[in-house]
$ cat run_13.csv   # CSV, C-alpha atoms
chain,number,residue,atom,x,y,z
A,646,ASP,CA,112.8,149.8,181.8
A,647,ILE,CA,116.0,148.0,180.9
A,648,THR,CA,116.0,144.7,182.7
A,649,LEU,CA,117.2,141.2,182.0
A,650,GLY,CA,114.3,139.5,183.7
A,651,ARG,CA,111.9,140.1,180.9
A,652,THR,CA,114.2,138.5,178.3
A,653,GLU,CA,115.0,135.6,180.6
A,654,ARG,CA,111.3,134.8,180.9
A,655,LEU,CA,110.9,135.2,177.1
A,656,MET,CA,113.8,132.8,176.4
A,657,ALA,CA,112.4,130.2,178.9
A,658,HIS,CA,109.0,130.5,177.0
A,659,LEU,CA,110.9,129.7,173.8
A,660,GLY,CA,112.8,126.7,175.3
A,661,ASP,CA,116.1,128.6,176.0
A,662,PRO,CA,117.7,128.3,172.6
A,663,GLN,CA,120.7,130.3,173.8
A,664,LYS,CA,121.7,127.4,176.0
A,665,LYS,CA,122.4,125.3,173.0
A,666,LEU,CA,125.0,127.6,171.6
A,667,ARG,CA,128.7,128.2,172.0
A,668,ILE,CA,128.8,132.0,172.4
A,669,ILE,CA,131.4,134.7,172.1
A,670,HIS,CA,129.9,137.8,173.8
A,671,VAL,CA,131.2,141.2,173.0
A,672,ALA,CA,130.6,144.4,175.0
A,673,GLY,CA,132.4,147.8,175.1
A,674,THR,CA,132.0,151.4,174.0
A,675,SER,CA,134.0,151.5,170.8
A,676,GLY,CA,135.0,148.8,168.3
A,677,LYS,CA,132.3,146.2,169.1
A,678,THR,CA,130.8,145.8,165.6
A,679,SER,CA,134.2,145.7,163.8
A,680,THR,CA,135.6,143.3,166.3
A,681,ILE,CA,132.6,141.0,166.0
A,682,ASN,CA,132.8,141.0,162.2
A,683,TYR,CA,136.5,140.1,162.3
A,684,ILE,CA,135.9,137.4,164.9
A,685,ALA,CA,133.2,135.9,162.7
A,686,ALA,CA,135.4,136.0,159.6
A,687,LEU,CA,138.4,134.5,161.4
A,688,LEU,CA,136.4,131.6,162.8
A,689,HIS,CA,134.6,131.0,159.5
A,690,ALA,CA,138.1,130.8,157.8
A,691,THR,CA,138.7,127.7,160.0
A,692,GLY,CA,135.7,126.0,158.2
A,693,LYS,CA,133.3,126.5,161.1
A,694,LYS,CA,129.7,127.7,160.6
A,695,VAL,CA,129.4,131.1,162.4
A,696,GLY,CA,126.4,133.2,163.2
A,697,HIS,CA,126.8,136.8,164.3
A,698,THR,CA,124.6,139.7,165.1
A,699,VAL,CA,125.4,143.5,165.2
A,700,SER,CA,123.6,146.4,166.7
A,701,PRO,CA,122.6,148.7,165.2
A,702,HIS,CA,122.2,147.7,161.6
A,703,VAL,CA,123.3,150.2,158.9
A,704,ALA,CA,121.5,149.4,155.6
A,705,GLY,CA,119.0,146.7,156.4
A,706,LEU,CA,117.4,144.9,159.4
A,707,ASN,CA,118.7,141.5,158.1
A,708,GLU,CA,122.2,142.6,159.0
A,709,ARG,CA,121.3,141.6,162.5
A,710,VAL,CA,121.2,137.9,161.7
A,711,GLN,CA,124.3,136.9,159.7
A,712,ILE,CA,125.6,133.4,158.8
A,713,ASN,CA,129.2,133.0,157.7
A,714,CYS,CA,129.6,136.8,157.4
A,715,GLN,CA,126.5,137.3,155.2
A,716,PRO,CA,123.2,138.7,156.3
A,717,LEU,CA,120.2,136.4,155.8
A,718,SER,CA,118.5,137.3,152.5
A,719,GLU,CA,115.4,139.4,153.0
A,720,LYS,CA,113.3,136.4,151.8
A,721,GLN,CA,114.9,134.1,154.4
A,722,PHE,CA,114.8,136.6,157.2
A,723,CYS,CA,111.1,137.2,156.6
A,724,ALA,CA,110.4,133.4,156.3
A,725,TYR,CA,112.1,132.7,159.6
A,726,MET,CA,110.4,135.7,161.3
A,727,SER,CA,107.0,134.5,160.1
A,728,GLU,CA,107.6,131.2,161.7
A,729,PHE,CA,109.0,132.8,164.9
A,730,LEU,CA,106.4,135.4,165.7
A,731,PRO,CA,103.6,133.0,166.5
A,732,LYS,CA,105.9,131.4,169.2
A,733,LEU,CA,105.6,134.7,171.1
A,734,GLU,CA,101.9,134.0,171.8
A,735,GLY,CA,101.4,133.3,175.5
A,736,ALA,CA,104.8,134.8,176.6
A,737,PRO,CA,104.7,136.1,180.2
A,738,ASP,CA,105.5,139.7,179.2
A,739,ILE,CA,105.1,141.9,176.1
A,740,PRO,CA,108.7,142.1,174.9
A,741,THR,CA,110.4,145.2,173.4
A,742,TRP,CA,111.4,145.4,169.8
A,743,PHE,CA,115.0,144.7,170.7
A,744,GLU,CA,114.1,141.8,172.9
A,745,VAL,CA,112.2,140.2,170.1
A,746,LEU,CA,115.2,140.6,167.7
A,747,ILE,CA,117.6,139.1,170.2
A,748,ALA,CA,115.3,136.2,170.9
A,749,PHE,CA,114.8,135.7,167.2
A,750,THR,CA,118.6,135.7,166.6
A,751,PHE,CA,119.3,133.1,169.3
A,752,TRP,CA,116.4,131.0,167.9
A,753,VAL,CA,117.7,131.1,164.3
A,754,PHE,CA,121.2,130.3,165.3
A,755,ALA,CA,120.2,127.4,167.5
A,756,GLU,CA,117.1,125.9,165.9
A,757,LYS,CA,117.3,126.8,162.2
A,758,GLU,CA,120.9,127.2,161.2
A,759,ALA,CA,122.7,125.1,163.9
A,760,VAL,CA,125.8,127.3,163.9
A,761,ASP,CA,129.1,126.1,165.5
A,762,TYR,CA,129.6,129.6,167.1
A,763,ALA,CA,127.4,132.6,167.8
A,764,VAL,CA,129.1,135.9,168.1
A,765,MET,CA,126.8,138.3,169.9
A,766,GLU,CA,127.1,142.1,170.3
A,767,THR,CA,125.4,143.8,173.2
A,768,GLY,CA,122.9,146.5,172.4
A,769,LEU,CA,123.4,148.7,175.4
A,770,GLY,CA,125.8,148.2,178.4
A,771,GLY,CA,125.9,144.5,179.2
A,772,LEU,CA,124.7,143.7,182.7
A,773,GLN,CA,121.0,144.2,181.8
A,774,ASP,CA,121.3,143.9,178.1
A,775,SER,CA,119.1,141.3,176.5
A,776,THR,CA,122.0,139.4,175.0
A,777,ASN,CA,123.2,138.7,178.6
A,778,VAL,CA,120.7,135.8,178.9
A,779,ALA,CA,123.7,133.9,177.5
A,780,ALA,CA,125.4,132.5,180.6
A,781,ARG,CA,126.9,129.1,179.8
A,782,ALA,CA,130.1,128.3,181.5
A,783,ASP,CA,132.0,128.1,178.2
A,784,LYS,CA,130.9,131.6,177.0
A,785,LEU,CA,133.9,133.7,176.0
A,786,CYS,CA,133.6,137.3,176.9
A,787,VAL,CA,135.3,140.2,175.0
A,788,LEU,CA,135.5,143.8,176.2
A,789,THR,CA,136.5,146.4,173.6
A,790,ASP,CA,137.6,149.9,174.5
A,791,ILE,CA,135.4,151.4,177.2
A,792,GLY,CA,134.6,155.1,177.3
A,793,PHE,CA,131.8,157.6,177.7
A,794,ASP,CA,128.5,157.0,175.8
A,795,HIS,CA,124.8,156.4,176.8
A,796,MET,CA,125.7,158.2,180.1
A,797,HIS,CA,122.1,159.0,180.9
A,798,ILE,CA,121.6,155.2,181.3
A,799,LEU,CA,125.0,153.7,182.1
A,800,GLY,CA,126.3,156.4,184.4
A,801,ASP,CA,128.7,159.4,184.0
A,802,ARG,CA,131.8,157.8,185.5
A,803,LEU,CA,134.1,155.4,183.7
A,804,GLY,CA,133.9,153.0,186.6
A,805,ALA,CA,130.1,152.9,186.4
A,806,ILE,CA,130.1,152.3,182.7
A,807,ALA,CA,132.8,149.6,183.0
A,808,HIS,CA,130.6,147.9,185.7
A,809,GLN,CA,127.8,147.6,183.2
A,810,LYS,CA,130.1,146.3,180.4
A,811,ALA,CA,131.8,143.7,182.7
A,812,GLY,CA,128.3,142.4,183.6
A,813,ILE,CA,128.4,140.0,180.7
A,814,ILE,CA,131.0,137.9,182.5
A,815,HIS,CA,129.4,135.0,184.4
A,816,GLU,CA,130.8,132.2,186.5
A,817,ASN,CA,133.6,130.2,184.8
A,818,ASN,CA,133.7,132.6,181.9
A,819,VAL,CA,136.9,133.7,180.4
A,820,ALA,CA,137.2,137.4,179.4
A,821,LEU,CA,139.7,139.0,177.0
A,822,MET,CA,140.4,142.8,176.7
A,823,TYR,CA,143.1,145.4,176.0
A,824,GLU,CA,144.8,147.1,178.8
A,825,GLN,CA,143.1,150.5,179.2
A,826,ASP,CA,142.2,153.2,181.7
A,827,GLU,CA,143.1,152.0,185.2
A,828,GLU,CA,139.7,152.9,186.6
A,829,VAL,CA,138.2,150.6,183.9
A,830,LEU,CA,140.6,147.7,184.7
A,831,ARG,CA,140.1,148.0,188.4
A,832,VAL,CA,136.3,147.6,188.1
A,833,VAL,CA,136.6,144.7,185.6
A,834,ARG,CA,139.1,142.9,187.8
A,835,TYR,CA,136.8,143.3,190.8
A,836,TRP,CA,133.8,142.0,188.9
A,837,VAL,CA,135.7,139.0,187.6
A,838,SER,CA,137.0,138.3,191.2
A,839,GLN,CA,133.3,138.0,192.3
A,840,GLN,CA,132.4,135.4,189.6
A,841,GLU,CA,133.4,131.9,190.7
A,842,GLY,CA,135.9,130.4,188.3
A,843,ALA,CA,136.0,133.4,186.0
A,844,GLU,CA,139.3,134.5,184.4
A,845,LEU,CA,140.5,137.7,182.9
A,846,TYR,CA,143.3,138.1,180.3
A,847,THR,CA,144.5,141.6,179.4
A,848,PHE,CA,147.2,142.6,177.0
A,849,ALA,CA,148.7,145.7,175.2
A,850,GLN,CA,148.2,146.2,171.5
A,851,SER,CA,151.9,146.5,171.1
A,852,LYS,CA,152.4,143.0,172.5
A,853,LEU,CA,149.9,141.5,170.0
A,854,GLU,CA,151.7,143.3,167.2
A,855,GLU,CA,154.9,141.6,168.3
A,856,VAL,CA,153.2,138.2,168.2
A,857,TYR,CA,151.4,138.7,164.9
A,858,LYS,CA,154.1,138.9,162.3
A,859,ASP,CA,152.2,138.5,159.0
A,860,GLY,CA,151.5,142.2,158.4
A,861,PHE,CA,148.4,144.1,157.5
A,862,VAL,CA,146.7,144.7,154.2
A,863,ASP,CA,147.1,148.1,152.5
A,864,GLY,CA,144.7,150.7,153.6
A,865,LEU,CA,143.5,149.1,156.8
A,866,PRO,CA,142.6,152.1,159.1
A,867,LEU,CA,144.6,152.4,162.3
A,868,TYR,CA,141.7,151.7,164.6
A,869,GLN,CA,140.7,148.7,162.5
A,870,LYS,CA,144.2,147.3,163.1
A,871,ARG,CA,143.5,147.5,166.8
A,872,ASN,CA,140.0,145.9,166.4
A,873,TRP,CA,141.4,143.1,164.2
A,874,LEU,CA,144.2,142.3,166.6
A,875,LEU,CA,141.8,141.9,169.4
A,876,ALA,CA,139.6,139.6,167.2
A,877,TRP,CA,142.7,137.7,166.3
A,878,ALA,CA,143.6,137.1,170.0
A,879,VAL,CA,140.0,135.8,170.5
A,880,TYR,CA,140.3,133.5,167.5
A,881,ARG,CA,143.6,132.1,168.7
A,882,PHE,CA,142.1,131.5,172.1
A,883,VAL,CA,139.1,129.7,170.7
A,884,CYS,CA,141.2,127.6,168.3
A,885,ARG,CA,143.4,126.4,171.1
A,886,ARG,CA,140.6,125.8,173.6
A,887,ASP,CA,138.5,123.9,171.1
A,888,SER,CA,141.3,122.1,169.2
A,889,ILE,CA,140.5,123.8,165.9
A,890,ARG,CA,143.0,123.6,163.1
A,891,MET,CA,144.1,127.1,162.1
A,892,PRO,CA,144.0,128.1,158.4
A,893,SER,CA,146.9,129.5,156.4
A,894,ALA,CA,148.5,132.8,157.2
A,895,GLU,CA,147.1,134.1,153.9
A,896,ALA,CA,143.5,133.1,154.9
A,897,VAL,CA,143.9,134.8,158.2
A,898,ARG,CA,145.3,138.0,156.6
A,899,ASN,CA,142.5,138.1,154.1
A,900,THR,CA,139.9,138.6,156.9
A,901,GLN,CA,141.3,142.1,157.2
A,902,LYS,CA,139.9,142.9,153.7
A,903,MET,CA,136.3,142.7,154.8
A,904,THR,CA,134.3,146.0,154.7
A,905,VAL,CA,132.5,146.8,157.9
A,906,PRO,CA,129.6,149.1,157.0
A,907,GLY,CA,130.0,152.7,158.3
A,908,ARG,CA,133.6,152.1,159.6
A,909,MET,CA,135.9,154.3,157.4
A,910,GLU,CA,133.9,153.0,154.5
A,911,VAL,CA,135.0,154.6,151.2
A,912,VAL,CA,132.4,155.0,148.4
A,913,GLU,CA,132.5,156.8,145.1
A,914,ILE,CA,129.6,159.2,144.2
A,915,GLU,CA,129.7,161.2,141.0
A,916,GLY,CA,133.5,161.1,141.0
A,917,LYS,CA,133.8,162.2,144.6
A,918,GLN,CA,135.4,160.0,147.3
A,919,ILE,CA,133.1,159.9,150.4
A,920,VAL,CA,134.3,158.4,153.7
A,921,LEU,CA,131.5,157.1,155.9
A,922,ASP,CA,132.1,156.6,159.6
A,923,GLY,CA,129.6,156.1,162.5
A,924,ALA,CA,131.8,157.7,165.2
A,925,HIS,CA,129.5,159.4,167.7
A,926,ASN,CA,131.5,160.0,170.9
A,927,GLU,CA,134.9,161.6,171.7
A,928,GLN,CA,136.7,158.2,171.8
A,929,LYS,CA,135.4,157.1,168.4
A,930,VAL,CA,135.8,160.5,166.7
A,931,THR,CA,139.4,160.7,167.9
A,932,ALA,CA,140.2,157.2,166.6
A,933,MET,CA,138.5,158.0,163.3
A,934,ALA,CA,140.4,161.3,162.9
A,935,GLU,CA,143.8,159.7,163.6
A,936,SER,CA,143.0,156.9,161.1
A,937,PHE,CA,141.9,159.4,158.5
A,938,ARG,CA,145.1,161.4,158.8
A,939,ALA,CA,147.2,158.2,158.4
A,940,LYS,CA,145.2,156.9,155.4
A,941,PHE,CA,144.9,160.3,153.7
A,942,PRO,CA,148.0,162.3,154.7
A,943,GLY,CA,147.7,166.0,153.9
A,944,VAL,CA,144.0,165.9,152.9
A,945,LYS,CA,141.7,168.5,154.4
A,946,PRO,CA,138.2,167.1,153.8
A,947,VAL,CA,134.9,168.8,153.9
A,948,VAL,CA,133.1,167.2,156.9
A,949,LEU,CA,129.4,166.7,157.3
A,950,MET,CA,128.6,165.6,160.9
A,951,ALA,CA,125.2,164.6,162.3
A,952,LEU,CA,124.5,163.4,165.9
A,953,LYS,CA,121.5,162.3,167.7
A,954,GLU,CA,120.1,164.7,170.3
A,955,GLY,CA,121.8,164.2,173.6
A,956,LYS,CA,125.3,163.4,172.2
A,957,GLU,CA,128.1,165.7,173.3
A,958,LEU,CA,128.5,167.7,170.1
A,959,LYS,CA,131.3,170.0,171.4

$ encode --input "run_13.csv" --output "structure tokens"
Amino acid sequence: DITLGRTERLMAHLGDPQKKLRIIHVAGTSGKTSTINYIAALLHATGKKVGHTVSPHVAGLNERVQINCQPLSEKQFCAYMSEFLPKLEGAPDIPTWFEVLIAFTFWVFAEKEAVDYAVMETGLGGLQDSTNVAARADKLCVLTDIGFDHMHILGDRLGAIAHQKAGIIHENNVALMYEQDEEVLRVVRYWVSQQEGAELYTFAQSKLEEVYKDGFVDGLPLYQKRNWLLAWAVYRFVCRRDSIRMPSAEAVRNTQKMTVPGRMEVVEIEGKQIVLDGAHNEQKVTAMAESFRAKFPGVKPVVLMALKEGKELK
């Protein structure tokens, strides 16, 4: 029962806090969480107060509500939640767990923390995702690489999946994305053409690499270079649109050093080097494998792989 209507009614019951926020909305199949983390870090480097949410969390529920790239403390998260939950009384529907978390996140960003920007990650798809109650004309939309995942819900064709992802784009919104599969681009272009005043900008990674000339920090995985460059393009667009003074080249480059949990995350356990990655579809596993070979040339690792039932193991 994935529908936007229930969340819209819930947000109206809460006073529509999402309408008070400048939002950057990110959808896609691969790279969403990393791109969101990098966007938040880049905008915070300008001195702005930035809230961002990710889905799913890796280590703790409080990762879903972050201020200036730090999750709320468990104490603060629980204090805000204790204040928030009574507000759900009298809501027109019984919301799902995810809908409560999204409503809570919007409420914290708008009413408690008064962030300058809210960077929101879709949970599933986009068109009917709870985050898509964000529909202000100044919302900036970002589409990461689109591939096959959640096909039992989003469809088994790239075009059908792209239609769901592009659904975050509303009237007068601007959308940014990489050039990718022609079927994906055709669907996204058509969707944008149906939204009055909406604009779409696409670009190749190679072109961004030509424009960005300050280099990458050592050890940044290949796929994270792609995600960071997309975030960098978003950051530059926002800075120019909103007349934000850009920080130094060093401050910008330092955002590449942030560790995104479960994304080629290297940990030491009993003298062993363990690489953790959440890749769970062909597109993500391919990117992870290529990045591993580049970072650890000649290494043949022992691999432990676990997938949820329904994923395409072969």

$ closest_residue --input "run_13.csv" --among "A:Asp826, A:Pro892, A:Lys694, A:Arg651" --to "Ser775 in chain A" --atoms "only C-alpha atoms"
A:Arg651

$ residues_around --input "run_13.csv" --residues "Asn777 in chain A" --least-positions-apart "3" --cutoff "8 Å" --atoms "only C-alpha atoms" --output "mmCIF file with C-alpha atoms, in the coordinates of the input"
data_model
loop_
_atom_site.group_PDB
_atom_site.id
_atom_site.type_symbol
_atom_site.label_atom_id
_atom_site.label_comp_id
_atom_site.auth_asym_id
_atom_site.auth_seq_id
_atom_site.Cartn_x
_atom_site.Cartn_y
_atom_site.Cartn_z
ATOM 1 C CA LEU A 649 117.200 141.200 182.000
ATOM 2 C CA THR A 767 125.400 143.800 173.200
ATOM 3 C CA GLY A 771 125.900 144.500 179.200
ATOM 4 C CA LEU A 772 124.700 143.700 182.700
ATOM 5 C CA GLN A 773 121.000 144.200 181.800
ATOM 6 C CA ASP A 774 121.300 143.900 178.100
ATOM 7 C CA ALA A 780 125.400 132.500 180.600
ATOM 8 C CA ILE A 813 128.400 140.000 180.700
#

$ atom_distance --input "run_13.csv" --atom1 "CA of Gln901 in chain A" --atom2 "CA of Ile914 in chain A"
24.5 Å

$ atom_distance --input "run_13.csv" --atom1 "CA of Lys929 in chain A" --atom2 "CA of Ala748 in chain A"
29.1 Å

$ closest_residue --input "run_13.csv" --among "A:Met656, A:Val930, A:Ala878, A:Leu803" --to "Pro737 in chain A" --atoms "only C-alpha atoms"
A:Met656

$ closest_residue --input "run_13.csv" --among "A:Met891, A:Ile814, A:Ala779, A:Met765" --to "Gln840 in chain A" --atoms "all atoms listed in the file"
A:Ile814

$ residues_around --input "run_13.csv" --residues "range 719-734 of chain A" --least-positions-apart "4" --cutoff "9 Å" --atoms "only C-alpha atoms" --output "PyMOL selection string"
chain A and resi 655+658-659+705-707+710+739-740+745+749+752-753+757

$ atom_distance --input "run_13.csv" --atom1 "CA of Ile681 in chain A" --atom2 "CA of Pro866 in chain A"
16.5 Å

$ residues_around --input "run_13.csv" --residues "range 668-674 of chain A" --least-positions-apart "3" --cutoff "6 Å" --atoms "only C-alpha atoms" --output "number ranges by chain"
A: 762-767, 784-792, 810

$ decode --input "run_13.csv" --residues "range 911-940 of chain A" --atoms "N, CA and C atoms" --output "PDB file, in the first residue's frame"
ATOM      1  N   VAL A 911      36.572   0.628   5.291  1.00  0.00           N
ATOM      2  CA  VAL A 911      37.657  -0.251   5.711  1.00  0.00           C
ATOM      3  C   VAL A 911      37.803  -0.208   7.228  1.00  0.00           C
ATOM      4  N   VAL A 912      37.735  -1.374   7.853  1.00  0.00           N
ATOM      5  CA  VAL A 912      37.909  -1.471   9.309  1.00  0.00           C
ATOM      6  C   VAL A 912      38.967  -2.533   9.613  1.00  0.00           C
ATOM      7  N   GLU A 913      39.626  -2.406  10.757  1.00  0.00           N
ATOM      8  CA  GLU A 913      40.617  -3.380  11.210  1.00  0.00           C
ATOM      9  C   GLU A 913      40.021  -4.199  12.342  1.00  0.00           C
ATOM     10  N   ILE A 914      40.050  -5.511  12.204  1.00  0.00           N
ATOM     11  CA  ILE A 914      39.561  -6.413  13.251  1.00  0.00           C
ATOM     12  C   ILE A 914      40.591  -7.513  13.456  1.00  0.00           C
ATOM     13  N   GLU A 915      41.180  -7.539  14.648  1.00  0.00           N
ATOM     14  CA  GLU A 915      42.179  -8.548  15.001  1.00  0.00           C
ATOM     15  C   GLU A 915      43.277  -8.642  13.947  1.00  0.00           C
ATOM     16  N   GLY A 916      43.739  -7.477  13.496  1.00  0.00           N
ATOM     17  CA  GLY A 916      44.830  -7.447  12.531  1.00  0.00           C
ATOM     18  C   GLY A 916      44.418  -7.716  11.091  1.00  0.00           C
ATOM     19  N   LYS A 917      43.152  -7.964  10.863  1.00  0.00           N
ATOM     20  CA  LYS A 917      42.649  -8.221   9.511  1.00  0.00           C
ATOM     21  C   LYS A 917      41.982  -6.962   8.972  1.00  0.00           C
ATOM     22  N   GLN A 918      42.191  -6.714   7.691  1.00  0.00           N
ATOM     23  CA  GLN A 918      41.552  -5.572   7.045  1.00  0.00           C
ATOM     24  C   GLN A 918      40.247  -6.052   6.407  1.00  0.00           C
ATOM     25  N   ILE A 919      39.135  -5.469   6.854  1.00  0.00           N
ATOM     26  CA  ILE A 919      37.807  -5.858   6.380  1.00  0.00           C
ATOM     27  C   ILE A 919      37.214  -4.691   5.598  1.00  0.00           C
ATOM     28  N   VAL A 920      36.716  -4.970   4.399  1.00  0.00           N
ATOM     29  CA  VAL A 920      36.073  -3.944   3.580  1.00  0.00           C
ATOM     30  C   VAL A 920      34.573  -4.214   3.576  1.00  0.00           C
ATOM     31  N   LEU A 921      33.801  -3.252   4.068  1.00  0.00           N
ATOM     32  CA  LEU A 921      32.345  -3.397   4.166  1.00  0.00           C
ATOM     33  C   LEU A 921      31.678  -2.608   3.048  1.00  0.00           C
ATOM     34  N   ASP A 922      30.768  -3.242   2.324  1.00  0.00           N
ATOM     35  CA  ASP A 922      30.046  -2.521   1.269  1.00  0.00           C
ATOM     36  C   ASP A 922      28.630  -3.069   1.167  1.00  0.00           C
ATOM     37  N   GLY A 923      27.679  -2.160   1.007  1.00  0.00           N
ATOM     38  CA  GLY A 923      26.266  -2.542   0.983  1.00  0.00           C
ATOM     39  C   GLY A 923      25.732  -2.878  -0.398  1.00  0.00           C
ATOM     40  N   ALA A 924      26.600  -3.113  -1.372  1.00  0.00           N
ATOM     41  CA  ALA A 924      26.140  -3.403  -2.732  1.00  0.00           C
ATOM     42  C   ALA A 924      25.192  -4.598  -2.737  1.00  0.00           C
ATOM     43  N   HIS A 925      24.031  -4.451  -3.391  1.00  0.00           N
ATOM     44  CA  HIS A 925      23.056  -5.538  -3.382  1.00  0.00           C
ATOM     45  C   HIS A 925      22.287  -5.680  -4.690  1.00  0.00           C
ATOM     46  N   ASN A 926      22.827  -5.119  -5.767  1.00  0.00           N
ATOM     47  CA  ASN A 926      22.285  -5.427  -7.097  1.00  0.00           C
ATOM     48  C   ASN A 926      23.451  -5.418  -8.088  1.00  0.00           C
ATOM     49  N   GLU A 927      23.196  -5.817  -9.328  1.00  0.00           N
ATOM     50  CA  GLU A 927      24.285  -5.965 -10.303  1.00  0.00           C
ATOM     51  C   GLU A 927      25.034  -4.655 -10.516  1.00  0.00           C
ATOM     52  N   GLN A 928      24.299  -3.550 -10.622  1.00  0.00           N
ATOM     53  CA  GLN A 928      24.916  -2.251 -10.857  1.00  0.00           C
ATOM     54  C   GLN A 928      25.864  -1.871  -9.720  1.00  0.00           C
ATOM     55  N   LYS A 929      25.426  -2.080  -8.498  1.00  0.00           N
ATOM     56  CA  LYS A 929      26.234  -1.697  -7.342  1.00  0.00           C
ATOM     57  C   LYS A 929      27.411  -2.644  -7.139  1.00  0.00           C
ATOM     58  N   VAL A 930      27.189  -3.941  -7.322  1.00  0.00           N
ATOM     59  CA  VAL A 930      28.267  -4.905  -7.141  1.00  0.00           C
ATOM     60  C   VAL A 930      29.357  -4.689  -8.190  1.00  0.00           C
ATOM     61  N   THR A 931      28.960  -4.388  -9.419  1.00  0.00           N
ATOM     62  CA  THR A 931      29.938  -4.102 -10.467  1.00  0.00           C
ATOM     63  C   THR A 931      30.791  -2.897 -10.104  1.00  0.00           C
ATOM     64  N   ALA A 932      30.147  -1.832  -9.641  1.00  0.00           N
ATOM     65  CA  ALA A 932      30.879  -0.625  -9.250  1.00  0.00           C
ATOM     66  C   ALA A 932      31.806  -0.908  -8.076  1.00  0.00           C
ATOM     67  N   MET A 933      31.335  -1.685  -7.112  1.00  0.00           N
ATOM     68  CA  MET A 933      32.165  -2.011  -5.956  1.00  0.00           C
ATOM     69  C   MET A 933      33.366  -2.843  -6.363  1.00  0.00           C
ATOM     70  N   ALA A 934      33.158  -3.838  -7.239  1.00  0.00           N
ATOM     71  CA  ALA A 934      34.262  -4.706  -7.660  1.00  0.00           C
ATOM     72  C   ALA A 934      35.328  -3.916  -8.420  1.00  0.00           C
ATOM     73  N   GLU A 935      34.884  -3.040  -9.310  1.00  0.00           N
ATOM     74  CA  GLU A 935      35.836  -2.212 -10.058  1.00  0.00           C
ATOM     75  C   GLU A 935      36.617  -1.301  -9.114  1.00  0.00           C
ATOM     76  N   SER A 936      35.937  -0.736  -8.144  1.00  0.00           N
ATOM     77  CA  SER A 936      36.598   0.156  -7.187  1.00  0.00           C
ATOM     78  C   SER A 936      37.563  -0.615  -6.293  1.00  0.00           C
ATOM     79  N   PHE A 937      37.195  -1.846  -5.928  1.00  0.00           N
ATOM     80  CA  PHE A 937      38.085  -2.668  -5.108  1.00  0.00           C
ATOM     81  C   PHE A 937      39.373  -2.984  -5.853  1.00  0.00           C
ATOM     82  N   ARG A 938      39.242  -3.378  -7.125  1.00  0.00           N
ATOM     83  CA  ARG A 938      40.438  -3.713  -7.913  1.00  0.00           C
ATOM     84  C   ARG A 938      41.365  -2.513  -8.051  1.00  0.00           C
ATOM     85  N   ALA A 939      40.775  -1.337  -8.212  1.00  0.00           N
ATOM     86  CA  ALA A 939      41.592  -0.128  -8.365  1.00  0.00           C
ATOM     87  C   ALA A 939      42.286   0.242  -7.056  1.00  0.00           C
ATOM     88  N   LYS A 940      41.605   0.047  -5.935  1.00  0.00           N
ATOM     89  CA  LYS A 940      42.172   0.433  -4.635  1.00  0.00           C
ATOM     90  C   LYS A 940      43.128  -0.627  -4.092  1.00  0.00           C
TER      91      LYS A 940
END
